[in-house]
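final.pdb (PDB, C-alpha atoms) appears below.
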MODEL        1
ATOM      1  CA  MET A  16    -119.165 -43.856  -7.011
ATOM      2  CA  LEU A  17    -118.245 -46.726  -4.744
ATOM      3  CA  SER A  18    -120.920 -49.244  -4.055
ATOM      4  CA  HIS A  19    -119.836 -51.292  -1.064
ATOM      5  CA  MET A  20    -121.050 -54.465  -2.626
ATOM      6  CA  LEU A  21    -120.063 -56.599  -5.566
ATOM      7  CA  THR A  22    -123.020 -57.891  -7.561
ATOM      8  CA  ILE A  23    -121.984 -60.683  -9.912
ATOM      9  CA  THR A  24    -123.836 -63.306 -11.948
ATOM     10  CA  GLN A  25    -123.604 -66.965 -10.984
ATOM     11  CA  ALA A  26    -122.105 -67.690 -14.432
ATOM     12  CA  LEU A  27    -119.195 -65.227 -13.936
ATOM     13  CA  TYR A  28    -118.669 -66.410 -10.362
ATOM     14  CA  ASP A  29    -118.411 -69.993 -11.634
ATOM     15  CA  GLN A  30    -115.942 -69.004 -14.380
ATOM     16  CA  ILE A  31    -113.618 -67.305 -11.880
ATOM     17  CA  VAL A  32    -113.745 -70.315  -9.548
ATOM     18  CA  ALA A  33    -113.165 -72.764 -12.429
ATOM     19  CA  HIS A  34    -110.098 -70.791 -13.567
ATOM     20  CA  ALA A  35    -108.673 -70.743 -10.031
ATOM     21  CA  ARG A  36    -109.248 -74.504  -9.693
ATOM     22  CA  GLU A  37    -107.683 -75.193 -13.093
ATOM     23  CA  ASP A  38    -104.457 -73.303 -12.385
ATOM     24  CA  HIS A  39    -104.038 -74.591  -8.816
ATOM     25  CA  PRO A  40    -101.357 -74.909  -7.337
ATOM     26  CA  ASP A  41    -100.285 -71.803  -9.307
ATOM     27  CA  GLU A  42    -102.117 -68.544  -8.796
ATOM     28  CA  ALA A  43    -104.735 -67.746 -11.443
ATOM     29  CA  CYS A  44    -105.542 -64.165 -12.461
ATOM     30  CA  GLY A  45    -107.809 -62.203 -14.760
ATOM     31  CA  VAL A  46    -110.299 -59.424 -15.254
ATOM     32  CA  VAL A  47    -114.033 -59.058 -15.671
ATOM     33  CA  ALA A  48    -114.628 -55.992 -17.818
ATOM     34  CA  GLY A  49    -117.783 -53.926 -17.985
ATOM     35  CA  PRO A  50    -119.098 -50.684 -19.494
ATOM     36  CA  VAL A  51    -117.248 -47.585 -18.191
ATOM     37  CA  GLY A  52    -118.905 -45.993 -15.185
ATOM     38  CA  GLU A  53    -121.608 -48.606 -14.656
ATOM     39  CA  GLY A  54    -119.853 -50.930 -12.243
ATOM     40  CA  ARG A  55    -121.408 -53.995 -13.843
ATOM     41  CA  PRO A  56    -119.030 -56.915 -14.508
ATOM     42  CA  GLU A  57    -119.878 -58.518 -17.861
ATOM     43  CA  ARG A  58    -116.978 -59.873 -19.919
ATOM     44  CA  PHE A  59    -114.816 -62.612 -18.387
ATOM     45  CA  ILE A  60    -111.163 -62.349 -19.479
ATOM     46  CA  PRO A  61    -108.864 -64.986 -17.947
ATOM     47  CA  MET A  62    -105.226 -63.888 -18.132
ATOM     48  CA  LEU A  63    -102.023 -65.872 -18.209
ATOM     49  CA  ASN A  64    -100.021 -65.672 -14.986
ATOM     50  CA  ALA A  65     -96.621 -64.804 -16.500
ATOM     51  CA  ALA A  66     -94.999 -65.617 -13.147
ATOM     52  CA  ARG A  67     -96.498 -69.173 -13.132
ATOM     53  CA  SER A  68     -96.039 -69.252  -9.397
ATOM     54  CA  PRO A  69     -97.961 -70.559  -6.369
ATOM     55  CA  THR A  70     -97.203 -67.306  -4.505
ATOM     56  CA  PHE A  71     -97.134 -64.567  -7.156
ATOM     57  CA  TYR A  72     -99.025 -63.422 -10.227
ATOM     58  CA  GLU A  73     -98.343 -60.883 -12.914
ATOM     59  CA  PHE A  74    -100.130 -60.300 -16.226
ATOM     60  CA  ASP A  75     -97.784 -60.737 -19.186
ATOM     61  CA  SER A  76     -96.814 -57.212 -20.324
ATOM     62  CA  GLY A  77     -97.805 -57.757 -23.966
ATOM     63  CA  ASP A  78    -101.166 -59.246 -22.951
ATOM     64  CA  LEU A  79    -101.694 -56.307 -20.599
ATOM     65  CA  LEU A  80    -101.289 -53.782 -23.426
ATOM     66  CA  LYS A  81    -103.697 -55.750 -25.649
ATOM     67  CA  LEU A  82    -106.226 -56.017 -22.814
ATOM     68  CA  TYR A  83    -106.242 -52.271 -22.071
ATOM     69  CA  ARG A  84    -106.382 -51.324 -25.785
ATOM     70  CA  GLU A  85    -109.313 -53.664 -26.280
ATOM     71  CA  MET A  86    -111.183 -52.354 -23.227
ATOM     72  CA  ASP A  87    -110.519 -48.799 -24.414
ATOM     73  CA  ASP A  88    -111.915 -49.569 -27.895
ATOM     74  CA  ARG A  89    -115.035 -51.099 -26.355
ATOM     75  CA  ASP A  90    -115.549 -48.340 -23.734
ATOM     76  CA  GLU A  91    -114.953 -50.842 -20.973
ATOM     77  CA  GLU A  92    -113.000 -50.782 -17.755
ATOM     78  CA  PRO A  93    -111.746 -53.520 -15.419
ATOM     79  CA  VAL A  94    -114.723 -53.850 -13.057
ATOM     80  CA  ILE A  95    -113.172 -56.883 -11.335
ATOM     81  CA  VAL A  96    -109.491 -57.794 -11.050
ATOM     82  CA  TYR A  97    -109.316 -61.323  -9.657
ATOM     83  CA  HIS A  98    -106.616 -63.703  -8.544
ATOM     84  CA  SER A  99    -106.286 -66.767  -6.376
ATOM     85  CA  HIS A 100    -104.327 -67.592  -3.272
ATOM     86  CA  THR A 101    -103.549 -71.276  -3.287
ATOM     87  CA  ALA A 102    -102.455 -72.021   0.275
ATOM     88  CA  THR A 103    -103.608 -69.012   2.289
ATOM     89  CA  GLU A 104    -106.825 -67.145   2.961
ATOM     90  CA  ALA A 105    -108.474 -64.920   0.374
ATOM     91  CA  TYR A 106    -107.298 -61.670   1.935
ATOM     92  CA  PRO A 107    -105.071 -59.084   0.163
ATOM     93  CA  SER A 108    -101.405 -59.556   1.056
ATOM     94  CA  ARG A 109     -98.966 -56.678   1.437
ATOM     95  CA  THR A 110     -97.853 -57.354  -2.161
ATOM     96  CA  ASP A 111    -101.461 -57.230  -3.385
ATOM     97  CA  ILE A 112    -101.972 -53.884  -1.677
ATOM     98  CA  THR A 113     -98.688 -52.396  -2.953
ATOM     99  CA  TYR A 114     -99.508 -53.191  -6.587
ATOM    100  CA  ALA A 115    -103.234 -52.433  -6.542
ATOM    101  CA  ASN A 116    -103.488 -49.682  -9.144
ATOM    102  CA  GLU A 117    -107.172 -49.710 -10.024
ATOM    103  CA  PRO A 118    -108.973 -47.736  -7.309
ATOM    104  CA  GLY A 119    -112.276 -48.173  -9.172
ATOM    105  CA  ALA A 120    -112.075 -51.973  -9.348
ATOM    106  CA  HIS A 121    -113.407 -54.737  -7.121
ATOM    107  CA  TYR A 122    -110.445 -56.913  -6.174
ATOM    108  CA  VAL A 123    -111.747 -60.468  -5.979
ATOM    109  CA  LEU A 124    -109.656 -63.051  -4.163
ATOM    110  CA  VAL A 125    -110.385 -66.739  -4.308
ATOM    111  CA  SER A 126    -108.707 -69.234  -2.018
ATOM    112  CA  THR A 127    -108.192 -72.735  -3.368
ATOM    113  CA  ALA A 128    -106.458 -73.818  -0.135
ATOM    114  CA  ASP A 129    -109.217 -76.410   0.346
ATOM    115  CA  THR A 130    -107.761 -78.453  -2.547
ATOM    116  CA  ASP A 131    -104.819 -79.531  -0.376
ATOM    117  CA  GLY A 132    -106.651 -79.376   2.929
ATOM    118  CA  ALA A 133    -104.738 -76.188   3.853
ATOM    119  CA  GLY A 134    -107.842 -74.126   4.576
ATOM    120  CA  GLU A 135    -111.385 -73.451   3.425
ATOM    121  CA  PHE A 136    -112.581 -72.384   0.002
ATOM    122  CA  GLN A 137    -113.233 -68.622  -0.105
ATOM    123  CA  PHE A 138    -114.532 -66.075  -2.631
ATOM    124  CA  ARG A 139    -114.188 -62.542  -1.248
ATOM    125  CA  SER A 140    -114.151 -59.017  -2.652
ATOM    126  CA  TYR A 141    -112.357 -55.806  -1.648
ATOM    127  CA  ARG A 142    -111.753 -52.216  -2.602
ATOM    128  CA  ILE A 143    -108.094 -51.267  -2.413
ATOM    129  CA  VAL A 144    -107.616 -47.492  -2.540
ATOM    130  CA  GLU A 145    -104.315 -45.808  -1.641
ATOM    131  CA  GLY A 146    -103.272 -48.753   0.494
ATOM    132  CA  GLU A 147    -106.612 -48.988   2.328
ATOM    133  CA  VAL A 148    -108.425 -52.325   2.113
ATOM    134  CA  THR A 149    -112.197 -52.456   2.548
ATOM    135  CA  GLU A 150    -113.974 -55.778   2.300
ATOM    136  CA  GLU A 151    -117.391 -55.714   0.660
ATOM    137  CA  GLU A 152    -120.347 -58.018   0.442
ATOM    138  CA  VAL A 153    -120.607 -60.350  -2.571
ATOM    139  CA  LYS A 154    -124.097 -60.772  -3.978
ATOM    140  CA  VAL A 155    -124.504 -63.568  -6.528
ATOM    141  CA  VAL A 156    -127.482 -63.191  -8.863
ATOM    142  CA  GLN A 157    -128.862 -65.217 -11.778
ATOM    143  CA  ALA A 158    -128.943 -62.159 -14.080
ATOM    144  CA  TYR A 159    -128.572 -58.346 -13.814
TER     145      TYR A 159
ATOM    146  CA  MET B  13     -91.147 -33.132 -31.720
ATOM    147  CA  ALA B  14     -94.523 -34.379 -30.561
ATOM    148  CA  ILE B  15     -95.044 -37.669 -28.782
ATOM    149  CA  GLU B  16     -98.465 -38.816 -27.635
ATOM    150  CA  VAL B  17     -98.410 -40.316 -24.152
ATOM    151  CA  ARG B  18    -101.311 -42.441 -22.930
ATOM    152  CA  ILE B  19    -101.860 -42.096 -19.197
ATOM    153  CA  PRO B  20    -103.346 -44.856 -16.987
ATOM    154  CA  THR B  21    -106.271 -44.067 -14.667
ATOM    155  CA  ILE B  22    -104.098 -44.113 -11.563
ATOM    156  CA  LEU B  23    -101.852 -41.296 -12.923
ATOM    157  CA  ARG B  24    -104.612 -39.074 -14.316
ATOM    158  CA  THR B  25    -104.593 -37.082 -11.088
ATOM    159  CA  TYR B  26    -101.421 -35.524 -12.531
ATOM    160  CA  THR B  27    -102.992 -34.698 -15.904
ATOM    161  CA  ASP B  28    -106.319 -33.152 -14.798
ATOM    162  CA  GLY B  29    -108.056 -36.360 -15.785
ATOM    163  CA  GLU B  30    -106.679 -36.377 -19.362
ATOM    164  CA  LYS B  31    -106.251 -39.869 -20.867
ATOM    165  CA  ALA B  32    -103.514 -38.706 -23.234
ATOM    166  CA  VAL B  33    -101.071 -35.795 -23.197
ATOM    167  CA  GLN B  34     -98.377 -34.529 -25.557
ATOM    168  CA  GLY B  35     -94.709 -34.418 -24.708
ATOM    169  CA  SER B  36     -91.309 -34.178 -26.305
ATOM    170  CA  GLY B  37     -87.837 -35.626 -25.947
ATOM    171  CA  ASP B  38     -85.219 -37.613 -27.851
ATOM    172  CA  THR B  39     -85.414 -40.447 -25.327
ATOM    173  CA  LEU B  40     -87.959 -41.745 -22.817
ATOM    174  CA  ALA B  41     -85.933 -40.205 -19.968
ATOM    175  CA  GLU B  42     -86.223 -36.774 -21.626
ATOM    176  CA  LEU B  43     -89.896 -37.316 -22.347
ATOM    177  CA  PHE B  44     -90.719 -38.100 -18.697
ATOM    178  CA  SER B  45     -88.781 -35.100 -17.471
ATOM    179  CA  ASP B  46     -90.612 -32.930 -20.042
ATOM    180  CA  LEU B  47     -93.951 -34.304 -18.789
ATOM    181  CA  ASP B  48     -92.938 -33.549 -15.221
ATOM    182  CA  SER B  49     -92.437 -29.863 -16.088
ATOM    183  CA  ARG B  50     -96.190 -29.598 -16.766
ATOM    184  CA  HIS B  51     -97.520 -32.471 -14.643
ATOM    185  CA  SER B  52     -95.426 -32.182 -11.530
ATOM    186  CA  GLY B  53     -94.828 -35.451  -9.700
ATOM    187  CA  ILE B  54     -95.602 -37.811 -12.557
ATOM    188  CA  GLU B  55     -91.959 -38.652 -13.308
ATOM    189  CA  ALA B  56     -91.336 -40.076  -9.829
ATOM    190  CA  ARG B  57     -94.255 -42.477 -10.316
ATOM    191  CA  ILE B  58     -92.577 -43.946 -13.404
ATOM    192  CA  VAL B  59     -88.853 -43.516 -12.786
ATOM    193  CA  ASP B  60     -86.789 -44.373  -9.710
ATOM    194  CA  GLU B  61     -83.054 -43.637  -9.487
ATOM    195  CA  GLY B  62     -82.780 -43.219 -13.234
ATOM    196  CA  LYS B  63     -84.528 -46.500 -14.070
ATOM    197  CA  LEU B  64     -88.060 -47.488 -14.928
ATOM    198  CA  ARG B  65     -89.914 -48.756 -11.881
ATOM    199  CA  ARG B  66     -90.196 -52.544 -11.886
ATOM    200  CA  PHE B  67     -93.992 -52.600 -11.756
ATOM    201  CA  VAL B  68     -94.682 -49.893 -14.322
ATOM    202  CA  ASN B  69     -94.833 -51.017 -17.943
ATOM    203  CA  VAL B  70     -93.934 -48.540 -20.669
ATOM    204  CA  TYR B  71     -94.608 -49.292 -24.320
ATOM    205  CA  LEU B  72     -93.237 -47.519 -27.382
ATOM    206  CA  ASN B  73     -95.929 -48.021 -29.994
ATOM    207  CA  ASP B  74     -96.595 -51.762 -29.395
ATOM    208  CA  GLU B  75     -93.330 -52.785 -27.813
ATOM    209  CA  ASP B  76     -92.487 -53.097 -24.102
ATOM    210  CA  VAL B  77     -89.440 -50.803 -23.787
ATOM    211  CA  ARG B  78     -87.717 -53.371 -21.537
ATOM    212  CA  PHE B  79     -87.101 -55.251 -24.797
ATOM    213  CA  LEU B  80     -85.747 -52.053 -26.389
ATOM    214  CA  ASP B  81     -83.385 -49.713 -24.515
ATOM    215  CA  GLY B  82     -85.419 -49.175 -21.357
ATOM    216  CA  ILE B  83     -85.415 -45.566 -20.246
ATOM    217  CA  SER B  84     -82.757 -44.722 -22.896
ATOM    218  CA  THR B  85     -85.055 -45.846 -25.736
ATOM    219  CA  LYS B  86     -84.911 -43.308 -28.575
ATOM    220  CA  LEU B  87     -88.078 -41.577 -29.705
ATOM    221  CA  ALA B  88     -89.147 -40.128 -33.054
ATOM    222  CA  ASP B  89     -91.762 -37.580 -34.002
ATOM    223  CA  GLY B  90     -95.225 -39.146 -34.081
ATOM    224  CA  ASP B  91     -94.372 -42.012 -31.724
ATOM    225  CA  SER B  92     -96.939 -43.106 -29.195
ATOM    226  CA  VAL B  93     -95.961 -44.053 -25.650
ATOM    227  CA  THR B  94     -98.309 -45.961 -23.333
ATOM    228  CA  ILE B  95     -97.830 -46.236 -19.577
ATOM    229  CA  LEU B  96     -99.575 -49.109 -17.763
ATOM    230  CA  PRO B  97     -98.986 -50.188 -14.177
ATOM    231  CA  ALA B  98     -98.391 -53.929 -13.922
ATOM    232  CA  VAL B  99    -101.311 -55.996 -12.699
ATOM    233  CA  ALA B 100     -99.514 -58.102 -10.123
ATOM    234  CA  GLY B 101     -99.657 -59.404  -6.593
ATOM    235  CA  GLY B 102     -99.332 -62.574  -4.629
ATOM    236  CA  SER B 103     -99.908 -64.321  -1.393
ATOM    237  CA  VAL B 104     -96.730 -63.266   0.403
TER     238      VAL B 104
ENDMDL
END
Would you kindly transcribe this structure into C-alpha cells?
Amino acid sequence: MLSHMLTITQALYDQIVAHAREDHPDEACGVVAGPVGEGRPERFIPMLNAARSPTFYEFDSGDLLKLYREMDDRDEEPVIVYHSHTATEAYPSRTDITYANEPGAHYVLVSTADTDGAGEFQFRSYRIVEGEVTEEEVKVVQAY
Amino acid sequence: MAIEVRIPTILRTYTDGEKAVQGSGDTLAELFSDLDSRHSGIEARIVDEGKLRRFVNVYLNDEDVRFLDGISTKLADGDSVTILPAVAGGSV
C-alpha cells in the first residue's frame, strides 16, 4: 500500500545527507532497507557510484547482486533508493524516471547544489511508478 | 535441463508474483525464449535486438554474464540465473 509520505528518522536523514556531501561533486547513491511490507526504512546502506560522475550514478553490478541477496536473506526490501544531484534541483530527471525499477520504493533525491552556490540544498522524496512521478511529504522523526 | 531463474520485483507481473521460476536452455538466449513461452512478454524486458538490455543485469551463479559470454553464455543443469535491473539514474 502506498503511503504518500516518507517517515524517516533524523539519524538516517543525516546519514544520507552526509554521504551526499562527502561524494560531492560526484553523485552519491544508496539504499535504506527495511522489513518487507512494512514501509519502514531502517538499515542505511551507502553504495559505490560505479560511474563516479557528477551527472550519473549506477550501482556496481557485483555490489548490486550482493545487496539484493543480503536483503533477501534478511527479509528486507529497498524502502528508500537515494541519490544526489550535485548542480541541479532534487527532482527526478528523465534518466531517473526511465531507470526507476522499484515501484514500492521511496526515491529520495538530495541536491548538494548549495555547495557551489548553484542552488539551494534540498531533500525531497518521490514515488516513481510506470513513469509517473509523485512527490510526497517527508516527515523527520526522532524514532519510529 | 533445469535452471532456476530468480525474478526481480518489477518482472513478477509476468510470473504471477513468483520470485523464482524454472527454465531450460543450453544458453541464456535459449533460456529467455523458453521463459517467454510460459511468461509471455518477459523476454522483451531483458533482451533487445538479440542483446541483453544495457540496464538489466544478468548473473550466472555469482558472475555478471557481461564478463562471460553475454547472451551466448552456456548453461548447465543446476545453474542459477539471477535477473536484476540496474539501479541507475542521473541529473541529465
Open item on the list: Which residues are close to Arg24 in chain B, i.e. within 12 Å by only C-alpha atoms, leaving aside same-chain residues fewer than 6 positions away? Reply as a list in words.
Closed with: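 Within the cut-off, the hits are Asn116, Glu117 and Pro118 of chain A; Val17, Arg18, Glu30, Lys31, Ala32, Val33, His51, Ser52, Gly53, Ile54, Arg57, Ile95 and Leu96 of chain B.
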Given all atoms listed in the file, how would the per-residue table for chain B near chain A read, listing every residue at most 12 Å away with its closest atom pair and distance in Å to one decimal, sorted by chain and number, as JSON lines?
{"residue": "B:Arg18", "atom": "CA", "partner": "A:Arg84", "partner_atom": "CA", "distance": 10.6}
{"residue": "B:Ile19", "atom": "CA", "partner": "A:Tyr83", "partner_atom": "CA", "distance": 11.4}
{"residue": "B:Pro20", "atom": "CA", "partner": "A:Asn116", "partner_atom": "CA", "distance": 9.2}
{"residue": "B:Thr21", "atom": "CA", "partner": "A:Glu117", "partner_atom": "CA", "distance": 7.4}
{"residue": "B:Ile22", "atom": "CA", "partner": "A:Asn116", "partner_atom": "CA", "distance": 6.1}
{"residue": "B:Leu23", "atom": "CA", "partner": "A:Asn116", "partner_atom": "CA", "distance": 9.3}
{"residue": "B:Arg24", "atom": "CA", "partner": "A:Glu117", "partner_atom": "CA", "distance": 11.8}
{"residue": "B:Lys31", "atom": "CA", "partner": "A:Asp87", "partner_atom": "CA", "distance": 10.5}
{"residue": "B:Arg57", "atom": "CA", "partner": "A:Asn116", "partner_atom": "CA", "distance": 11.8}
{"residue": "B:Arg65", "atom": "CA", "partner": "A:Tyr114", "partner_atom": "CA", "distance": 11.8}
{"residue": "B:Arg66", "atom": "CA", "partner": "A:Tyr114", "partner_atom": "CA", "distance": 10.7}
{"residue": "B:Phe67", "atom": "CA", "partner": "A:Tyr114", "partner_atom": "CA", "distance": 7.6}
{"residue": "B:Val68", "atom": "CA", "partner": "A:Tyr114", "partner_atom": "CA", "distance": 9.7}
{"residue": "B:Asn69", "atom": "CA", "partner": "A:Ser76", "partner_atom": "CA", "distance": 6.9}
{"residue": "B:Val70", "atom": "CA", "partner": "A:Ser76", "partner_atom": "CA", "distance": 9.1}
{"residue": "B:Tyr71", "atom": "CA", "partner": "A:Leu80", "partner_atom": "CA", "distance": 8.1}
{"residue": "B:Leu72", "atom": "CA", "partner": "A:Leu80", "partner_atom": "CA", "distance": 10.9}
{"residue": "B:Asn73", "atom": "CA", "partner": "A:Leu80", "partner_atom": "CA", "distance": 10.2}
{"residue": "B:Asp74", "atom": "CA", "partner": "A:Leu80", "partner_atom": "CA", "distance": 7.9}
{"residue": "B:Glu75", "atom": "CA", "partner": "A:Gly77", "partner_atom": "CA", "distance": 7.7}
{"residue": "B:Asp76", "atom": "CA", "partner": "A:Ser76", "partner_atom": "CA", "distance": 7.1}
{"residue": "B:Val77", "atom": "CA", "partner": "A:Ser76", "partner_atom": "CA", "distance": 10.4}
{"residue": "B:Arg78", "atom": "CA", "partner": "A:Ser76", "partner_atom": "CA", "distance": 9.9}
{"residue": "B:Phe79", "atom": "CA", "partner": "A:Ser76", "partner_atom": "CA", "distance": 10.9}
{"residue": "B:Val93", "atom": "CA", "partner": "A:Leu80", "partner_atom": "CA", "distance": 11.3}
{"residue": "B:Thr94", "atom": "CA", "partner": "A:Leu80", "partner_atom": "CA", "distance": 8.4}
{"residue": "B:Ile95", "atom": "CA", "partner": "A:Leu80", "partner_atom": "CA", "distance": 9.1}
{"residue": "B:Leu96", "atom": "CA", "partner": "A:Leu80", "partner_atom": "CA", "distance": 7.5}
{"residue": "B:Pro97", "atom": "CA", "partner": "A:Asn116", "partner_atom": "CA", "distance": 6.8}
{"residue": "B:Ala98", "atom": "CA", "partner": "A:Phe74", "partner_atom": "CA", "distance": 7.0}
{"residue": "B:Val99", "atom": "CA", "partner": "A:Phe74", "partner_atom": "CA", "distance": 5.7}
{"residue": "B:Ala100", "atom": "CA", "partner": "A:Glu73", "partner_atom": "CA", "distance": 4.1}
{"residue": "B:Gly101", "atom": "CA", "partner": "A:Asp111", "partner_atom": "CA", "distance": 4.3}
{"residue": "B:Gly102", "atom": "CA", "partner": "A:Phe71", "partner_atom": "CA", "distance": 3.9}
{"residue": "B:Ser103", "atom": "CA", "partner": "A:Thr70", "partner_atom": "CA", "distance": 5.1}
{"residue": "B:Val104", "atom": "CA", "partner": "A:Ser108", "partner_atom": "CA", "distance": 6.0}
Pairwise distance, CA of Tyr159 in chain A with CA of Phe59 in chain A, equals 15.1 Å
Expanded to explicit residues, what is the PyMOL selection byres ((chain A and resi 136-145) around 8) for this file, as a PyMOL selection string? chain A and resi 21+104-106+112+115+117-129+134-135+146-153
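Our summary of the geometry notes that CA of Ser45 in chain B is positioned 12.7 Å from CA of Leu64 in chain B.
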Using all atoms listed in the file, the best pick from A:Val94, A:Val156, A:Met86, A:Met62 as closest to Asp29 in chain A would be A:Val156
Residues within 7 Å of Glu91 in chain A, please, as a short mmCIF file (atom, residue, chain, number, x, y, z; two decimals) with C-alpha atoms, keeping the file's coordinate frame. Count all atoms listed in the file; anything in the same chain fewer than 5 positions from it doesn't count.
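Once written, result.cif looks like this:
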data_model
loop_
_atom_site.label_atom_id
_atom_site.label_comp_id
_atom_site.auth_asym_id
_atom_site.auth_seq_id
_atom_site.Cartn_x
_atom_site.Cartn_y
_atom_site.Cartn_z
CA ALA A 48 -114.63 -55.99 -17.82
CA GLY A 49 -117.78 -53.93 -17.98
CA PRO A 50 -119.10 -50.68 -19.49
CA VAL A 51 -117.25 -47.58 -18.19
CA MET A 86 -111.18 -52.35 -23.23
#
Here CA of Ile58 in chain B and CA of Glu42 in chain B stand apart by 12.6 Å
Item to complete: Please return, as a ChimeraX atom specification, all polymer residues that have at least one atom within 8 Å of the point (-93.1, -38.4, -35.7); use only C-alpha atoms and the file's own coordinate frame.
Response: /B:13-15,88-91
